[in-house]
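Peer 1: I have a structure here, written as structure tokens, and I will follow up with some questions on it.
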Amino acid sequence: MEYTPAEGLLERYSGRERDALLPVLWDFQTAYGHINPAMVRAISHTLRVPESDIYGVIQFYSLFHDQPVGETVIRVCTSPSCALAGADRVLDDLCARLGVRHDETTRDGRYTVTDTTCLGLCDHAPAALISRRGVGETTFANAADVEALLENPENAHPPTVGGDPLVLLAGVNDGRPQSLAEYGDYAALRHAVFGLTPEGVIAEIEASDLIGRGGAAFPTGTKWKFTRQALGQPHYVVCNADESEPGTFKDRVLMECRPHLLLEGMALAGYAVGAQRGYLFVRGEYPDAARRIEAAIAEALTARLLGDGIMGSSFSFHVEIRRGAGAYICGEETALFEAIEGKRGFPRVKPPFPTTHGLFHKPTAINNVETLSAVPAIVLHGSDWFKQWGTEKSAGSKLVSVSGHVRRPGVYEIAPGLSLRRLLDDFCGGVVGSLQAVLMGGAAGTFLRPDELDVPLTFEDLRAIGSTFGSGAVMVFNQTVDLRDVLRRLGRFFQHESCGKCFPCQLGTQRQLEILERAAGPLPGDSRRLQDIGATMTEASLCGLGQTAALAVLSAMKKWPELFVT
Ligand SMILES: Cc1cc2nc3c(=O)[nH]c(=O)nc-3n(C[C@H](O)[C@H](O)[C@H](O)COP(=O)(O)O)c2cc1C
Ligand code: SF4
């Protein structure tokens with residue numbers, strides 16, 4: 001399909017600047033299936049961004065194309081949980097059925113078939129993402145039936161949720177989004193705006209000992225205090241909804257099922273740190289979450305729970321959504337700022353930290369979806385109420401995403417301190433088959449053996465045994481699984497997602513993968529080579545991606561040295 005600028009896609013972006021680049025590219029990608037030179041030229045004129053920069057951004061993301069692809073692009077997830085559920089076979093069957101190879105387009109131009117990294121649908125493995133020209137993205141879950149995948153690309157996949165207590169997951173059952181009427185009229189925000197100073201809100205969050213749920217476990221109250229105190233205007237709130245860590249899907253469930261809880265948490269963060277604008281950066285592979293949040297923002301604006309003069313007060317707060325386009329690195333907070341600003345998602349050198357130099361280099365509080373979703377109840381019920389669950393260093397309830405060989409994969413809310421064994425047995429219905437290994441914290445995590453199942457699930461207890469809670473991913477593998485294959489998939493993931501800005505990670509992820517993929521098995525000395533590469537990446541990489549890209553491999557070497565011997 002040819003593009004002529006007269007078609008008007010760009011009209012609503014007139015006067016906008018570079019930070020509108022991602023939304024503009026999404027509009028073109030959706031309408032035409034790819035972004036050609038004429039379109040790039042037109043975008044360049046409208047936003048005043050050099051064409052070469054626009055090509056750089058298009059090529060940075062896996063969901064954007066600068067060459068024609070099929071009318072429908074089917075991406076099958078081949079990350080570990082989907083692999084266990086037969087993703088490779090689905091991909092092969094799909095290719096055979098359409099007469100193409102991986103990454104090829106059918107002769108009639110109708111389909112392109114390819115693989116992809118984790119889609120955050122590990123509880124419905126195997127999963128696929130379908131992009132249809134003129135329509136956009138949909139996700140397809142339990143994609144084992146190739147004919148259904150081709151014919152009926154709309155399918156519901158309500159999440160399995162459970163746990164004790166049910167605070168964050170309260171009201172999540174059939175997978176529908178909670179309406180405003182069901183959720184309530186932002187009582188915590190009302191309490192804050194009319195009854196607490198911003199400093200009072202921060203003091204309550206500090207007293208609650210809430211620590212970030214995005215993986216780095218930084219105290220939220222401290223982050224907000226620093227942001228509020230930082231000089232420079234304006235201040236921003238950013239919600240990190242990139243959730244691209246393989247095995248993690250809790251934020252998807254929160255956004256799809258409790259969008260108002262998150263929006264109220266963002267508004268409270270805005271009130272606390274002195275921000276009038278919040279951005280929600282959601283990964284492009286979560287189309288349903290983006291649509292539901294968009295609808296919830298509209299509902300909240302109509303009810304004056306967001307926007308100018310919230311509830312008749314002098315506090316104003318606006319939320320804008322930015323869809324990512326397929327890049328794990330954009331979950332790293334400074335890469336995410338670059339992405340919102342319309343650049344390639346390269347991490348910045350820290351310090352300075354986001355609290356003083358964040359989005360647009362202004363003071364910014366960036367938090368994970370779950371962190372922000374925990375805030376309304378803390379403000380409403382108080383810090384002591386929150387601390388009734390968990391431990392001193394892991395306060396409050398916490399979500400975990402469990403996938404792989406358990407009877408009921410899903411998102412579970414737990415009181416930290418619960419043992420891994422009880423999580424798997426009591427909440428997830430037990431392990432399917434005989435347990436071999438548990439990967440804690442996702443691709444950037446570490447393995448546990450069956451004799452380590454009694455570890456209490458807290459940040460401190462997991463750290464004490466050399467493991468990690470990370471973002472709460474728990475991937476379970478039984479004895480039928482070839483752990484070398486799991487490591488190869490993780491190695492491919494890091495090699496593919498390394499942004500290439502620094503050499504230890506750019507080269508290290510490449511060398512690590514080459515060793516893991518040796519067709520004839522490991523060579524003598526491979527253990528030492530992997531250790532060297534791992535140590536270099538961990539010590540010398542610029543950001544958390546490279547610093548954690550060897551963790552799973554190094555932990556597997558410690559626990560199962562026989563895997564690395566010829
Ligand atoms: C490679 C990489 C990917 C990350 N992905 C995410 C993500 O998807 N979601 C998230 O909340 N944090 C992610 N983080 C952590 C963020 O940089 C940041 O610490 C977090 O958003 C802060 O929020 P919190 O304090 O509420 O946890 C990632 C970090 C790295 C290094
Ligand atoms: S560690 Fe990897 S992902 Fe991070 S900046 Fe360096 S190359 Fe990029």
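Each chain in the structure tokens gets a letter, A, B and so on, in the order shown; residues start at 1 in every chain, and ligands are counted from 1 in the order they appear.
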Can you list every residue of chain A that has an atom at most 9 Å from ligand 1, with its nearest atom pair and the distance in Å to one decimal, using only C-alpha atoms and all ligand atoms, ordered by chain then number, as a Markdown table?
Peer 2:
```
| residue | atom | partner | partner_atom_place_in_ligand_line | distance |
| --- | --- | --- | --- | --- |
| A:Ile211 | CA | ligand 1 | 25 (O) | 6.6 |
| A:Gly212 | CA | ligand 1 | 27 (O) | 3.3 |
| A:Arg213 | CA | ligand 1 | 27 (O) | 4.2 |
| A:Gly214 | CA | ligand 1 | 27 (O) | 3.3 |
| A:Gly215 | CA | ligand 1 | 15 (C) | 5.4 |
| A:Ala216 | CA | ligand 1 | 19 (O) | 4.9 |
| A:Ala217 | CA | ligand 1 | 27 (O) | 5.7 |
| A:Phe218 | CA | ligand 1 | 25 (O) | 5.2 |
| A:Pro219 | CA | ligand 1 | 25 (O) | 6.8 |
| A:Thr220 | CA | ligand 1 | 25 (O) | 6.0 |
| A:Lys223 | CA | ligand 1 | 25 (O) | 7.8 |
| A:Val238 | CA | ligand 1 | 21 (O) | 8.6 |
| A:Cys239 | CA | ligand 1 | 21 (O) | 7.4 |
| A:Asn240 | CA | ligand 1 | 11 (O) | 4.7 |
| A:Ala241 | CA | ligand 1 | 9 (N) | 5.6 |
| A:Asp242 | CA | ligand 1 | 8 (O) | 4.0 |
| A:Glu243 | CA | ligand 1 | 8 (O) | 3.3 |
| A:Ser244 | CA | ligand 1 | 8 (O) | 5.0 |
| A:Glu245 | CA | ligand 1 | 8 (O) | 6.1 |
| A:Thr248 | CA | ligand 1 | 8 (O) | 8.7 |
| A:Asp251 | CA | ligand 1 | 9 (N) | 8.4 |
| A:Val282 | CA | ligand 1 | 8 (O) | 8.8 |
| A:Arg283 | CA | ligand 1 | 8 (O) | 8.3 |
| A:Tyr328 | CA | ligand 1 | 3 (C) | 6.0 |
| A:Ile329 | CA | ligand 1 | 1 (C) | 4.7 |
| A:Cys330 | CA | ligand 1 | 3 (C) | 6.6 |
| A:Gly331 | CA | ligand 1 | 5 (N) | 3.3 |
| A:Glu332 | CA | ligand 1 | 17 (O) | 3.6 |
| A:Glu333 | CA | ligand 1 | 17 (O) | 3.9 |
| A:Thr334 | CA | ligand 1 | 17 (O) | 7.1 |
| A:Ala335 | CA | ligand 1 | 17 (O) | 8.3 |
| A:Leu336 | CA | ligand 1 | 17 (O) | 8.3 |
| A:Pro347 | CA | ligand 1 | 31 (C) | 8.7 |
| A:Ala365 | CA | ligand 1 | 23 (O) | 8.4 |
| A:Ile366 | CA | ligand 1 | 23 (O) | 5.6 |
| A:Asn367 | CA | ligand 1 | 26 (O) | 3.4 |
| A:Asn368 | CA | ligand 1 | 11 (O) | 3.5 |
| A:Val369 | CA | ligand 1 | 11 (O) | 6.4 |
| A:Glu370 | CA | ligand 1 | 26 (O) | 7.2 |
| A:Thr371 | CA | ligand 1 | 26 (O) | 4.8 |
| A:Leu372 | CA | ligand 1 | 26 (O) | 7.0 |
| A:Ala444 | CA | ligand 1 | 1 (C) | 8.5 |
| A:Ser471 | CA | ligand 1 | 10 (C) | 7.6 |
| A:Glu497 | CA | ligand 1 | 1 (C) | 8.6 |
| A:Ser498 | CA | ligand 1 | 1 (C) | 8.6 |
| A:Cys543 | CA | ligand 1 | 31 (C) | 5.7 |
| A:Gly544 | CA | ligand 1 | 31 (C) | 3.5 |
| A:Leu545 | CA | ligand 1 | 1 (C) | 4.0 |
| A:Gly546 | CA | ligand 1 | 1 (C) | 7.8 |
| A:Gln547 | CA | ligand 1 | 31 (C) | 8.0 |
| A:Thr548 | CA | ligand 1 | 31 (C) | 8.0 |
```
Peer 1: Looking only at the backbone, which of the residues in range 178-416 of chain A does DSSP tag as strand (DSSP E), as a PyMOL selection string?
Peer 2: chain A and resi 235-241+275-282+318-323+364-368+398-404+410-414
Peer 1: May I have all residues of range 153-242 of chain A that DSSP, computed from the backbone, assigns to alpha helix (DSSP H), given as a PyMOL selection string?
Peer 2: chain A and resi 180-183+187-195+198-208+220-229
Peer 1: For ligand 2, which residue out of A:Gly326, A:Gly345, A:Gly466, A:Gly390 is the nearest one, using only C-alpha atoms and all ligand atoms?
Peer 2: A:Gly345
Peer 1: Can you pull out every residue within 10 Å of His45 in chain A, counting only C-alpha atoms, but drop anything in the same chain fewer than 6 positions away, and send it as an mmCIF file with N, CA, C and O atoms, in the first residue's frame?
Peer 2:
```cif
data_model
loop_
_atom_site.group_PDB
_atom_site.id
_atom_site.type_symbol
_atom_site.label_atom_id
_atom_site.label_comp_id
_atom_site.auth_asym_id
_atom_site.auth_seq_id
_atom_site.Cartn_x
_atom_site.Cartn_y
_atom_site.Cartn_z
ATOM 1 N N SER A 14 1.048 17.747 14.162
ATOM 2 C CA SER A 14 1.607 19.040 13.758
ATOM 3 C C SER A 14 1.933 19.864 15.022
ATOM 4 O O SER A 14 1.137 19.952 15.958
ATOM 5 N N MET A 39 7.434 7.840 4.043
ATOM 6 C CA MET A 39 6.839 8.088 5.361
ATOM 7 C C MET A 39 7.878 8.686 6.302
ATOM 8 O O MET A 39 7.596 9.631 7.050
ATOM 9 N N GLU A 51 16.170 12.218 9.398
ATOM 10 C CA GLU A 51 15.727 10.917 8.876
ATOM 11 C C GLU A 51 16.582 9.778 9.411
ATOM 12 O O GLU A 51 16.088 8.703 9.733
#
```
Peer 1: Please determine, counting only C-alpha atoms, which residue among A:Ala289, A:Cys499, A:Ala181, A:Leu10 has the shortest atom-to-atom distance to Thr138 in chain A.
Peer 2: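 Closest to Thr138 in chain A of all the choices is A:Ala289.
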Peer 1: Between A:Gly534, A:Gly136, A:Pro524, A:Gly500, which is the closest to ligand 2 once you count only C-alpha atoms and all ligand atoms?
Peer 2: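 Nearest candidate to ligand 2 out of A:Gly534, A:Gly136, A:Pro524, A:Gly500: A:Gly500.
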Peer 1: Taking only C-alpha atoms into account, name the residue in A:Glu299, A:Val432, A:Val349, A:Glu562 that is nearest to Ser541 in chain A.
Peer 2: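 Using only C-alpha atoms, the shortest distance to Ser541 in chain A belongs to A:Val349.
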Peer 1: Quick one: residues within 10 Å of Phe60 in chain A, only C-alpha atoms counted, chain neighbours fewer than 3 positions away excluded, as a count of residues only?
Peer 2: 15
Peer 1: Using only C-alpha atoms, determine which residues lie at most 10 Å from Ser434 in chain A, disregarding the query and same-chain residues fewer than 2 positions distant; provide the list as a list of chain:residue names.
Peer 2: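 Selected residues are A:His405, A:Val431, A:Val432, A:Gln436, A:Ala437, A:Pro450, A:Phe477, A:Asn478, A:Gln479, A:Thr480.
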Peer 1: What is the distance, in Å and to one decimal place, between CA of Lys225 in chain A and CA of Ala339 in chain A?
Peer 2: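 Distance reported for this atom pair: 25.3 Å.
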Peer 1: Would you kindly return, as a list in words, each protein, DNA or RNA residue with an atom no farther than 10 Å from any atom of Ala127 in chain A, considering only C-alpha atoms and excluding same-chain residues fewer than 4 positions away?
Peer 2: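 Contacts, in chain order: Arg75, Val76, Cys77, Thr78, Ser79, Ser81, Cys82, Ala83, Ala85, Ala87, Val90, Thr116, Cys118, Leu119, Gly120, Leu121, Cys122, Asp123, Thr139, Phe140, Ala141, Asn142, Ala143, Ala144 and Leu149 of chain A.
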Peer 1: Determine, counting only C-alpha atoms, which protein, DNA and RNA residues have an atom within 12 Å of an atom of Ile378 in chain A; residues of the same chain fewer than 3 positions away are not included. Present the result as a ChimeraX atom specification.
Peer 2: /A:167-168,187-189,191-192,201-210,221,264-265,268,371-375,381-388,395-397
Peer 1: Please indicate the distance in Å from CA of Leu563 in chain A to atom 8 (Fe, counted along the ligand's line) of ligand 2, rounded to one decimal place.
Peer 2: 28.7 Å
Peer 1: To one decimal place, how far is CA of Thr106 in chain A from CA of Val40 in chain A in Å?
Peer 2: 26.1 Å
Peer 1: For each of A:Met557, A:Val237, A:Ala549, A:Leu457, take the minimum atom-to-atom distance to ligand 2, counting only C-alpha atoms and all ligand atoms, then give the residue where this is smallest.
Peer 2: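 The closest residue to ligand 2 is A:Ala549.
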Peer 1: Let me make sure I understand: among A:Arg348, A:Gly417, A:Gln531, A:Ser316, which one has the smallest atom-to-atom distance to ligand 2 if we use only C-alpha atoms and all ligand atoms?
Peer 2: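 Selected residue with least distance to ligand 2: A:Arg348.
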